[in-house]
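Q: Mind having a look at this structure? Questions to follow.
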Amino acid sequence: MTGAAGLTGFEPCAWGDFFITHAPPLSQEAEGRMRERAEQLKGELRRRVLIEAGGEAASVAETVTLVDTLERLGVDTHFREEIDAALRGVLSGESRLDSGSGSCKDSDLRVVALRFRLLRQHGFWVSADVFDRFRDDTGSFRASLSSDPGSLLSLYNAAHMATPGERVLDEAISFSRRHLESMRGKLASPMAEQVSRALDIPLPRLPKRLETVRYIAEYEKEEGHDPMALELARLDFDLVRALHLKELRALSLWWKEVYGDVKLGYAQDRLVENYFWTCGVFHEEEYSRARMLFAKTFGMLSLMDDTYDVYATLEECHVLNDAIQRWDESAVSTLPEYMKMFYINLLKTFQESEDSLQPDEKYRVPYAKKAFKLSSKYYLDEAKWSSEKYAPSFEEHVEVSVMSSGFPTLAVVLLMGAGDLATREAFEWAIGVPAVVSASGEVARFLNDIASYRKGKNKKDAASSVECYARERGVSGEESAAAIAGMAEHAWRTINRSCMEVGGELLPAARLVVNLTKTLEVIYLGGRDAYTFAGDLRDLVVSLFLNGPAV
């Protein structure tokens, strides 16, 4: 190898061949029995959902509570049409809220906040004025609300669906957080765990599968829980987990061959963490092909990122970018020896992805290639800054580094195998880097840079947004990191607004981008970087893929 930076000291892979040799948890016979029982339960529950959530007599409280339960148990995917119809009924039937438009009981806050959150999460606009009825004459939230943890938690989670400029929701977050934190150590299970989880990562930003693995065990402790829904949730979780383990084995074998073939010893060996992230985007059985294509492309993007970021000389970066823009096997001869096998495997991975698509889906691959080429271009821009010791303005830094975050590329790649929702319109939307994608890139960039500030950067890294902001504004690193965290929060609000503006046809694609962004909150929780320092994710990987929900 001829690169300038030398080996980087990334932690080695924490898993070795574990998922290659791990025995599947279910026999074919057991899986068949479980599927049969799950289908039976789905049929019975579907009738109940139609009656309880869709009937004329159904209250808003009953409907939103049922929808929330199905979503948190991870079985809502089986009742999409029924849930959509139920929420449309809730949207049009606001008058069914017992309280009417005047002042209302403190206990109604849980339902009003839950309705607000669910409707906004499903792309429906609801005004934050619904919370005015819980404020006193001074405009503050009523002090009497501060003793009900269930209502406070519902308000706290709902307020994180805020859009830019909604001050009442800023106040709701501050009010509910303050009182929830004062209750820590005094709450019974499962409320104690749910409050602690939300104070780390609010429910609308927590990857769904991570909520499900915990909530299944918690739901069983709830008074009046539905044994049928609980049984379906446990069966569904185990069936999906068995598929995830098969995919993880296949991907581990593929990665072992690719990583061994490219021999890029400086690059992160993070297939399991990559797949964990992939399952945060789409965990359902129907997205199996999408997961395989996404994880493989994500793996190649990570290798390219590390090559630009920590190893190649500037001259080699130019050569690599030229080859990637050409996207042709004949370009191999132009590359340094150590890059050749990476390039060959990159082209091969995309060709295999194209081969796996149906004839009427093959148009998707050129979009993914275009997005991948775009990442290369922005990685090169950052390599130039690093090599030339260039200090960009904060605005210039964000403009480039949001694009180099990988999110504008991954927002296109995640559609490649995603079935019917991946229309031509969806690809045109994603490749144009709409607001939800650029804001997700901001969350990625800002959280990554805060983690780099806390953990220390690679010696070859260009200046981060934290450094650029501190230098430009003449503030300390801590003050800059706090300001950048505020910008990440604002970006989340832009994401929320964008998902309510995008329209029904594109909303499923937008929600996949949101799912991709949610995993960032886990990766960078508390300023850590659990992708680079992969030991931080170990317990979550064990929980999702090995242990499952507690019994």
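Lettering and numbering for the structure tokens are positional, with chains as A, B, ... in the shown order, residues counted from 1 in each chain, and ligands counted from 1 in the shown order.
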In range 240-462 of chain A, what's helix (DSSP H, G or I) per DSSP? Answer as a PyMOL selection string?
A: chain A and resi 240-262+271-281+285-311+314-326+329-334+337-356+359-361+364-388+394-403+407-413+419-421+424-431+435-455
Q: Within 10 Å of Val195 in chain A, counting only C-alpha atoms, which residues qualify if same-chain residues fewer than 5 places away don't, as a list in words?
A: Pro149, Gly150, Leu152, Leu153, Ser154, Tyr156, Asn157, Arg177, Leu180, Glu181, Met183, Arg184, Leu187, Ser189, Pro190, Asp200, Ile201, Pro202 and Leu203 of chain A
Q: Show me, as a list in words, the residues that have an atom within 10 Å of Leu301 in chain A when counting only C-alpha atoms, minus same-chain residues fewer than 2 positions from it.
A: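 That gives Ala295, Lys296, Thr297, Phe298, Gly299, Leu303, Met304, Asp305, Asp306, Thr307, Leu346, Phe372, Ser375, Ser376, Gly406, Thr409 and Leu410 of chain A.
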Q: Keeping only N, CA and C atoms, write the selected residues as a tab-separated table (two decimals), in the first residue's frame.
A:
```
chain	number	residue	atom	x	y	z
A	295	ALA	N	-27.59	-3.33	2.83
A	295	ALA	CA	-26.43	-3.64	3.68
A	295	ALA	C	-25.17	-3.80	2.84
A	296	LYS	N	-25.29	-4.43	1.68
A	296	LYS	CA	-24.11	-4.61	0.82
A	296	LYS	C	-23.60	-3.27	0.29
A	297	THR	N	-24.53	-2.42	-0.15
A	297	THR	CA	-24.11	-1.11	-0.68
A	297	THR	C	-23.54	-0.24	0.44
A	298	PHE	N	-24.15	-0.31	1.61
A	298	PHE	CA	-23.68	0.43	2.79
A	298	PHE	C	-22.25	-0.03	3.12
A	299	GLY	N	-21.99	-1.33	3.03
A	299	GLY	CA	-20.64	-1.86	3.29
A	299	GLY	C	-19.61	-1.29	2.33
A	303	LEU	N	-16.35	1.32	3.08
A	303	LEU	CA	-14.96	1.10	2.63
A	303	LEU	C	-14.43	2.30	1.86
A	304	MET	N	-15.29	2.87	0.99
A	304	MET	CA	-14.85	4.03	0.21
A	304	MET	C	-14.62	5.23	1.12
A	305	ASP	N	-15.51	5.43	2.07
A	305	ASP	CA	-15.39	6.55	3.01
A	305	ASP	C	-14.06	6.47	3.76
A	306	ASP	N	-13.74	5.28	4.29
A	306	ASP	CA	-12.49	5.13	5.06
A	306	ASP	C	-11.26	5.32	4.17
A	307	THR	N	-11.37	4.95	2.92
A	307	THR	CA	-10.24	5.12	2.00
A	307	THR	C	-9.94	6.61	1.81
A	346	LEU	N	-16.70	-3.36	-5.90
A	346	LEU	CA	-17.76	-2.36	-5.95
A	346	LEU	C	-18.63	-2.56	-7.19
A	372	PHE	N	-24.09	7.12	-5.46
A	372	PHE	CA	-22.78	6.66	-4.98
A	372	PHE	C	-21.66	7.56	-5.54
A	375	SER	N	-21.43	10.77	-3.60
A	375	SER	CA	-20.68	10.63	-2.34
A	375	SER	C	-19.19	10.73	-2.60
A	376	SER	N	-18.73	10.05	-3.64
A	376	SER	CA	-17.31	10.07	-3.97
A	376	SER	C	-16.84	11.51	-4.20
A	406	GLY	N	-23.20	10.69	3.76
A	406	GLY	CA	-23.66	9.41	3.21
A	406	GLY	C	-25.17	9.32	3.11
A	409	THR	N	-26.89	9.60	-0.33
A	409	THR	CA	-26.69	8.37	-1.10
A	409	THR	C	-27.57	7.25	-0.56
A	410	LEU	N	-27.56	7.06	0.74
A	410	LEU	CA	-28.32	5.96	1.34
A	410	LEU	C	-29.83	6.15	1.18
```
Q: Would you list the contacts of Gly419 in chain A as a PyMOL selection string, taking every protein, DNA or RNA residue within 10 Å and counting only C-alpha atoms, but skipping same-chain residues closer than 2 positions in sequence?
A: chain A and resi 286-287+289-290+357+361+415-417+421-423
Q: Take the residues from that selection and put them in a file with N, CA and C atoms, as a PDB file, in the first residue's frame.
A:
```
ATOM      1  N   GLU A 286     -41.170  -8.568   4.713  1.00  0.00           N
ATOM      2  CA  GLU A 286     -41.370  -8.203   3.304  1.00  0.00           C
ATOM      3  C   GLU A 286     -40.181  -7.423   2.731  1.00  0.00           C
ATOM      4  N   TYR A 287     -39.331  -6.880   3.592  1.00  0.00           N
ATOM      5  CA  TYR A 287     -38.198  -6.074   3.127  1.00  0.00           C
ATOM      6  C   TYR A 287     -36.877  -6.861   3.107  1.00  0.00           C
ATOM      7  N   ARG A 289     -35.262  -8.524   0.743  1.00  0.00           N
ATOM      8  CA  ARG A 289     -34.395  -8.164  -0.396  1.00  0.00           C
ATOM      9  C   ARG A 289     -33.829  -6.761  -0.222  1.00  0.00           C
ATOM     10  N   ALA A 290     -34.674  -5.848   0.239  1.00  0.00           N
ATOM     11  CA  ALA A 290     -34.212  -4.466   0.444  1.00  0.00           C
ATOM     12  C   ALA A 290     -33.069  -4.420   1.448  1.00  0.00           C
ATOM     13  N   LEU A 357     -32.877  -7.824  -9.298  1.00  0.00           N
ATOM     14  CA  LEU A 357     -34.115  -7.074  -9.509  1.00  0.00           C
ATOM     15  C   LEU A 357     -34.903  -7.631 -10.697  1.00  0.00           C
ATOM     16  N   GLU A 361     -37.712  -3.393 -12.702  1.00  0.00           N
ATOM     17  CA  GLU A 361     -37.121  -2.681 -11.567  1.00  0.00           C
ATOM     18  C   GLU A 361     -35.680  -2.257 -11.834  1.00  0.00           C
ATOM     19  N   LEU A 415     -34.151   2.529  -1.347  1.00  0.00           N
ATOM     20  CA  LEU A 415     -35.316   2.265  -2.200  1.00  0.00           C
ATOM     21  C   LEU A 415     -35.071   1.119  -3.190  1.00  0.00           C
ATOM     22  N   MET A 416     -33.806   0.754  -3.375  1.00  0.00           N
ATOM     23  CA  MET A 416     -33.458  -0.134  -4.483  1.00  0.00           C
ATOM     24  C   MET A 416     -34.233  -1.450  -4.456  1.00  0.00           C
ATOM     25  N   GLY A 417     -34.378  -2.044  -3.271  1.00  0.00           N
ATOM     26  CA  GLY A 417     -35.077  -3.323  -3.201  1.00  0.00           C
ATOM     27  C   GLY A 417     -36.408  -3.246  -2.500  1.00  0.00           C
ATOM     28  N   LEU A 421     -43.360   0.515  -3.054  1.00  0.00           N
ATOM     29  CA  LEU A 421     -43.268   1.927  -2.649  1.00  0.00           C
ATOM     30  C   LEU A 421     -42.146   2.646  -3.391  1.00  0.00           C
ATOM     31  N   ALA A 422     -41.217   1.861  -3.970  1.00  0.00           N
ATOM     32  CA  ALA A 422     -40.070   2.453  -4.680  1.00  0.00           C
ATOM     33  C   ALA A 422     -40.450   2.725  -6.129  1.00  0.00           C
ATOM     34  N   THR A 423     -41.243   3.748  -6.324  1.00  0.00           N
ATOM     35  CA  THR A 423     -41.675   4.143  -7.665  1.00  0.00           C
ATOM     36  C   THR A 423     -40.609   5.030  -8.328  1.00  0.00           C
TER      37      THR A 423
END
```
Q: Return the single residue from A:Leu314, A:Ala435, A:Met34, A:Leu293 that is closest to Ala510 in chain A, with distances computed using only C-alpha atoms.
A: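 Ranking A:Leu314, A:Ala435, A:Met34, A:Leu293 by distance to Ala510 in chain A, first place goes to A:Ala435.
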Q: Using only C-alpha atoms, determine which residues lie at most 12 Å from Leu66 in chain A, disregarding the query and same-chain residues fewer than 3 positions distant; provide the list as a count of residues only.
A: 35
Q: Can you pull out every residue within 7 Å of range 328-344 of chain A, counting only C-alpha atoms, but drop anything in the same chain fewer than 5 positions away, and send it as a ChimeraX atom specification?
A: /A:1,261-262,319-320,323
Q: I need the residues from that last selection saved to file as a compact mmCIF listing (two decimals), in the first residue's frame (with C-alpha atoms), if you can.
A:
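Contents of the output file selection34.txt:
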```txt
# COMPACT_ATOMS: atom_id res chain seq x y z
CA MET A 1 0.00 0.00 0.00
CA ASP A 261 -10.47 -9.79 -0.97
CA VAL A 262 -10.02 -6.01 -0.84
CA VAL A 319 -7.59 8.89 -9.16
CA LEU A 320 -10.22 6.92 -7.20
CA ALA A 323 -12.50 5.80 -11.68
```
Q: Interatomic distance between CA of Glu44 in chain A and CA of Asp236 in chain A?
A: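 Going from CA of Glu44 in chain A over to CA of Asp236 in chain A, I get 15.0 Å.
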Q: Given only C-alpha atoms as the basis, pick out the residue of A:Ala426, A:Trp385, A:Phe545, A:Glu316 nearest to Val412 in chain A.
A: A:Ala426
Q: Taking only C-alpha atoms into account, which of A:Asn547, A:Gln28, A:Ser401, A:Ser176 comes nearest Asp148 in chain A?
A: A:Ser176
Q: Which neighbours of Gln121 in chain A fall inside 8 Å, counting only C-alpha atoms, when residues of the same chain fewer than 4 positions from it are skipped, and could you give them as a list of chain:residue names?
A: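 Returned residues: A:Arg117, A:Met161, A:Pro204, A:Asn496.
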Q: Given only C-alpha atoms as the basis, pick out the residue of A:Arg197, A:Phe237, A:Met191, A:Thr494 nearest to Glu218 in chain A.
A: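 So, comparing all the options, the nearest one is A:Met191.
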Q: Considering only C-alpha atoms, state which residue in the set A:Ser356, A:Ser476, A:Thr21, A:Thr519 is at the smallest distance from Tyr275 in chain A.
A: A:Thr519
